[in-house]
Amino acid sequence: MLDWLPENVSVFGEGVDHLFRLIYYITAGIFVLVNAIYIVFIIRYRRKRKGEKAYHFHGSNRLELIWTALPFGLFLFLAFYSDGIWKDIRYAERTPNPDLVIEVMAQTYVWHIRYPGSDGVFGARDIRFISSTNPFGIDPDDPRGEDDLVLINSMHVPINRTVLVRLSSMDVIHSFFLPNMRIKQDAVPGQWVDVWFNSRKTGEYEIACAELCGSGHYMMRGVLNVYSQADYDAWKDEQYTNMRAALQLASDENE
Amino acid sequence: MQTAVHTGHSGGDAVHREHASSFLRTYIFSTDHKMIAKQFLVTAIVFLFIGGAFALFIRWQLAYPGAPIPMIGTWLPSTWVTAEGVITPEFYTQLLTMHGTIMIFAVIIPLLVGVFGNFTIPLMIGADDMAFPFLNMVSFWLYPLAGLIMMGGFFMEGGMAASGWTAYPPLSSIASAGQTLWIVGLFLAGFSSILGGVNYITTVMNMRAPGLRMFQLPMTVWSVFITAIIIVIGTPVLAAALSMLFMDNFLHTSFFSPQNLIVASRDMSRTAGGGQPLLWQHLFWFYSHPAVYIMILPGMGVVSDVLSTFSRKPLYGYKAMVFAIVAIAFLGIIVWGHHMFQSGMNPLLGTTFMVSTMVIAVPSAIKTFNWLGTMWRGKMEFTTPMLNATAFVSMFVIGGLSGIFMASTPVDIFIHDTYFIVGHIHYVLFGGSLFAVFAGLFYWFPKMTGRMYSEQLGKWHFWITFISFNGTFFPMHILGVGGMMRRIYDPTVYDFLKPFQPMNEFITINAMILGFAQFILVANLAYSWFRGPKAKRNPWRANSLEWQAPSPPPHGNFDSVLRVYRGPYEYSAPESVQDYLPQTVSPEELEQQMKHHLAREARAEKEVTV
């Protein structure tokens, strides 16, 4: 059944898949064992003659203790084992230093994706400035924000780099789902949440919305491009050049 | 003059009213717990078919996205389908919302708590009725009213509620009138539950027959009793959350929304903001996670009784079974955060809730092992109730084990909000709860109606349901492993989901068989209710008190006051001649029976030797 998992290309995704496999084999084992016993009982302990009496027995405390203690140990082990992996993925203090920070603002049926411009820093933002033309609420008076790059439904990252995605929403709750990176995180309005990934393989991957956000929920699809470092730099340069040209054009028009 | 006219009419009125009121009091506004149970049953089955039809619409769209609904497509209202008969995305979200809402609040909870709670408690504890019969009637009547109000959005602009049965704000707090009606309906359904819960607790505590101790109660009564306690603790929290959501949606307050939301459907610039969307999730799941146990605990109780009766063996580990229910109820109240691992709440809470969630698997395991223990060296008779009860145990094991995946926070990152959870919840609520409902329904049908159901139709219904149920819901786990998100209108939008389309078609075909198989159930119940062979008092040779009453029991239930001498699970006891020993047989009576039996055997032996 686990062959159906989409290909994992993220570094921490291995931990997730490993745990998935472990739980799969444990539960499959328990399932087979319990049902085998069950089927044997069903076949063996049928009533054959009318009025035939069964074994009069009310139970055994020792057995109760055994089958309380065994699952207890097993499930506590699973909880603490899972927790190690969970901490590595989600606890802020264990997140590796990011090589690249990207902001994602979800809006009903689109993903707005923001990169710092050629200056390498994001312009200041505030929830009060958010509008349909300014999804991130970038402060119009902050010069650092002028060259910020905002894309729609398309994200570009270099391979083998820790990418930190800062996530929020401007209307309802969405969920940022990257199946191949083993990432899923709700985007909640009024709140920023960080998630990170590190892709080991170049290629084009899908971004999906996993939280019902309205009737167009199903088509809230984005694309993630993982490039080699050289391709990523080329893509970035092209974007910056276009951005500068656009800014130039705007300031020319103003004069 | 006026008085004269008045008196002139009142004579006729009185006669008329008496006649009418007796019909009304018996069938409509009845305070008899058995009639109320039947009212719950009939209403819930109607809702079951509505919710089931919604599910089939959903399945049609998922298997054949964009294809017109065959045969009935073009007849449906234009707010549901396009001119060609294709389901619109708007209607699709209403369907998935109302399917979940109806099945949970108008089918499963009323069937388990309303039908079995009402029917079995007074009969199994030897009481003549509930502690508060009038409250019981009100509890029933709030329920169809609540269901109709919830669906009332059908007549409003924008249709029915469309933000999922979980109704996460801000999606639900900026929604149309249908959502407001959903909130009001659910609020009333909650009241119905609370009234029922208070009644059950009081009845079990105060109205047990003389001699009947708490630890001699059948598991059905124990489980409904504990369920009622959960209801009384959890439902008021839901009511509070719903009140806030109502105000957000209707009066534009912002308990659940931050400032400056940019929303097309309404101008949010005048709302204050400062609210927290996650607050709703905490409050909602504080009720709705225990609600999962409200929907499974009574089923566990019913199945325990059915398994013991038809294995002709005492329930294995009775006290452990009771304590396991108490443990599930307690832990069930402190695990709600496992629905929110990916919600943006602090990951530290993920750790906390993962541990409590893993631990709740322990009492579930205890129950499973004790059911196996009950069947061990039994003498099982596979009647329809027994078949459904055995299916319950096996399906509950699958539903419980698939829960472990989601309890593990890292694995949940991937399978959260996918079809894995859809598969899991249906294994618990259909494979678990609904099979328990079928088991209980056939088990008590003779007592409820005074007639026997058709064993043949019952078995047909069981086998078709069991096979198509697994064909429908097992592949959903695989879809979830593939990453298919729940609540999407068209999976083929995504490249990574396209390979799963054949599986979606397979599921839909099974779902249709599953849906239509339920007509066998209705045919069996409806025909047998009026035309089935007359039932004896105790057709299953069972021990518990309800089998001492006539079938069907009259108003007031028992012919005489019962005295209880033992617990309900003394099957195949060596001190008894038969393979069962009713709770009401006194030790002296038992000794007499044994003496007669031995004397008869001795005589028979002598005759053989002579």
# chains A, B, ... in the order shown; residues from 1 in each chain; ligands from 1
$ residues_around --residues "stretch 174-183 of chain B" --least-positions-apart "4" --cutoff "7 Å" --atoms "only C-alpha atoms" --output "ChimeraX atom specification"
/B:149-150,152-153,156,158-161,170,187,242,246,249
$ write_last_selection --atoms "C-alpha atoms" --output "PDB file, in the first residue's frame"
ATOM      1  CA  ILE B 149     -33.814  23.866  10.058  1.00  0.00           C
ATOM      2  CA  MET B 150     -30.309  22.697   9.177  1.00  0.00           C
ATOM      3  CA  GLY B 152     -33.693  24.819   5.441  1.00  0.00           C
ATOM      4  CA  GLY B 153     -30.929  26.588   3.536  1.00  0.00           C
ATOM      5  CA  MET B 156     -32.511  30.298   0.767  1.00  0.00           C
ATOM      6  CA  GLY B 158     -26.883  30.682  -1.615  1.00  0.00           C
ATOM      7  CA  GLY B 159     -28.216  27.271  -0.662  1.00  0.00           C
ATOM      8  CA  MET B 160     -27.390  25.146   2.334  1.00  0.00           C
ATOM      9  CA  ALA B 161     -24.338  25.506   4.558  1.00  0.00           C
ATOM     10  CA  PRO B 170     -13.747  32.593   8.789  1.00  0.00           C
ATOM     11  CA  PHE B 187     -27.818  24.436  18.499  1.00  0.00           C
ATOM     12  CA  LEU B 242     -22.183  28.085  18.067  1.00  0.00           C
ATOM     13  CA  PHE B 246     -23.889  32.884  15.019  1.00  0.00           C
ATOM     14  CA  ASN B 249     -22.004  35.380  10.925  1.00  0.00           C
TER      15      ASN B 249
END
$ residues_around --residues "stretch 63-68 of chain B" --least-positions-apart "3" --cutoff "7 Å" --atoms "only C-alpha atoms" --output "ChimeraX atom specification"
/B:59-60,73,84-86,490,501,504-505,508
$ interface_residues --of "chain A" --to "chain B" --cutoff "6 Å" --atoms "only C-alpha atoms" --output "ChimeraX atom specification"
/A:4-6,16,20,27,45-47,53-56,58-59,71-72,75,79,82,86,170-172,182,184-186,190,210,215,218
$ closest_residue --among "A:Ala124, A:Met181, A:Val110, A:Ile159" --to "A:Asp231" --atoms "only C-alpha atoms"
A:Ile159
$ residues_around --residues "B:Phe442" --least-positions-apart "2" --cutoff "12 Å" --atoms "only C-alpha atoms" --output "JSON, numbers by chain"
{"B": [116, 302, 303, 306, 383, 384, 385, 386, 387, 388, 389, 435, 436, 437, 438, 439, 440, 444, 445, 446, 447, 448, 449, 451, 452, 453, 454, 455, 457, 458, 459, 461, 462, 521, 522, 524, 525, 528, 529, 539, 540]}
$ select_by_dssp --residues "stretch 90-276 of chain B" --states "alpha helix (DSSP H)" --output "ChimeraX atom specification"
/B:90-101,109,118-125,133-151,177-206,219-250
$ atom_distance --atom1 "atom CA of B:Thr120" --atom2 "atom CA of B:Lys34"
8.5 Å
$ residues_around --residues "A:Tyr205" --least-positions-apart "5" --cutoff "12 Å" --atoms "only C-alpha atoms" --output "tab-separated table (two decimals) with C-alpha atoms, in the first residue's frame"
chain	number	residue	atom	x	y	z
A	6	PRO	CA	4.04	10.22	-3.95
A	7	GLU	CA	7.79	10.37	-4.40
A	8	ASN	CA	9.50	12.01	-1.45
A	9	VAL	CA	12.22	14.50	-2.35
A	10	SER	CA	12.59	16.40	0.93
A	153	ASN	CA	0.76	30.16	-7.91
A	154	SER	CA	4.39	29.64	-8.75
A	155	MET	CA	7.30	29.05	-6.42
A	156	HIS	CA	10.94	28.62	-7.37
A	157	VAL	CA	13.68	27.28	-5.11
A	177	PHE	CA	0.25	21.11	0.90
A	178	LEU	CA	3.41	19.97	-0.89
A	179	PRO	CA	2.91	16.19	-1.25
A	180	ASN	CA	6.44	15.51	-2.46
A	181	MET	CA	8.01	17.54	0.35
A	182	ARG	CA	5.76	15.96	3.04
A	199	SER	CA	14.62	19.44	-1.67
A	221	ARG	CA	-3.26	24.63	-7.39
A	222	GLY	CA	0.27	25.99	-7.58
A	223	VAL	CA	3.56	24.79	-8.96
A	224	LEU	CA	6.89	24.46	-7.23
A	225	ASN	CA	10.01	24.47	-9.39
A	226	VAL	CA	13.17	23.08	-7.87
A	227	TYR	CA	16.20	24.23	-9.87
B	494	TYR	CA	-3.91	17.59	-10.01
B	495	ASP	CA	-1.42	15.53	-11.99
B	496	PHE	CA	-0.39	13.49	-8.96
$ select_by_dssp --residues "stretch 59-240 of chain A" --states "strand (DSSP E)" --output "ChimeraX atom specification"
/A:100-107,110-115,149-152,154-158,162-169,174-178,183-187,193-198,203-209,222-227
$ atom_distance --atom1 "atom CA of B:Phe40" --atom2 "atom CA of B:Asp305"
21.6 Å
$ atom_distance --atom1 "atom CA of B:Val326" --atom2 "atom CA of B:Tyr293"
11.0 Å
$ residues_around --residues "stretch 136-140 of chain B" --least-positions-apart "2" --cutoff "8 Å" --atoms "only C-alpha atoms" --output "list in words"
Phe29, Ser30, Thr31, His33, Ile36, Gln39, Phe40, Gly114, Met130, Phe132, Pro133, Phe134, Leu142, Tyr143, Pro144, Phe191, Ser192, Ser193, Leu195, Gly196 and Asn199 of chain B
$ write_last_selection --atoms "C-alpha atoms" --output "PDB file, in the first residue's frame"
ATOM      1  CA  PHE B  29     -46.660  13.628  21.477  1.00  0.00           C
ATOM      2  CA  SER B  30     -46.048  10.428  23.340  1.00  0.00           C
ATOM      3  CA  THR B  31     -44.183  10.359  26.638  1.00  0.00           C
ATOM      4  CA  HIS B  33     -40.024   5.859  26.147  1.00  0.00           C
ATOM      5  CA  ILE B  36     -40.127   7.877  21.556  1.00  0.00           C
ATOM      6  CA  GLN B  39     -40.048   7.923  16.625  1.00  0.00           C
ATOM      7  CA  PHE B  40     -36.282   8.425  16.780  1.00  0.00           C
ATOM      8  CA  GLY B 114     -31.994   8.334  20.939  1.00  0.00           C
ATOM      9  CA  MET B 130     -37.748   7.423  32.054  1.00  0.00           C
ATOM     10  CA  PHE B 132     -38.594  12.692  33.044  1.00  0.00           C
ATOM     11  CA  PRO B 133     -41.005  11.443  30.365  1.00  0.00           C
ATOM     12  CA  PHE B 134     -42.062  14.928  29.302  1.00  0.00           C
ATOM     13  CA  LEU B 142     -36.320  19.172  18.983  1.00  0.00           C
ATOM     14  CA  TYR B 143     -34.521  16.697  16.770  1.00  0.00           C
ATOM     15  CA  PRO B 144     -36.588  16.604  13.550  1.00  0.00           C
ATOM     16  CA  PHE B 191     -30.325  20.894  23.299  1.00  0.00           C
ATOM     17  CA  SER B 192     -32.072  17.700  22.336  1.00  0.00           C
ATOM     18  CA  SER B 193     -28.912  15.795  23.303  1.00  0.00           C
ATOM     19  CA  LEU B 195     -32.172  16.911  27.597  1.00  0.00           C
ATOM     20  CA  GLY B 196     -31.740  13.255  26.691  1.00  0.00           C
ATOM     21  CA  ASN B 199     -32.716  12.083  31.584  1.00  0.00           C
TER      22      ASN B 199
END
$ closest_residue --among "A:Leu100, A:Ile89, A:Val121, A:Ile113" --to "A:Val150" --atoms "only C-alpha atoms"
A:Ile113
$ closest_residue --among "A:Ser118, A:Ser228, A:Thr108, A:Ser175" --to "A:Arg161" --atoms "only C-alpha atoms"
A:Ser228
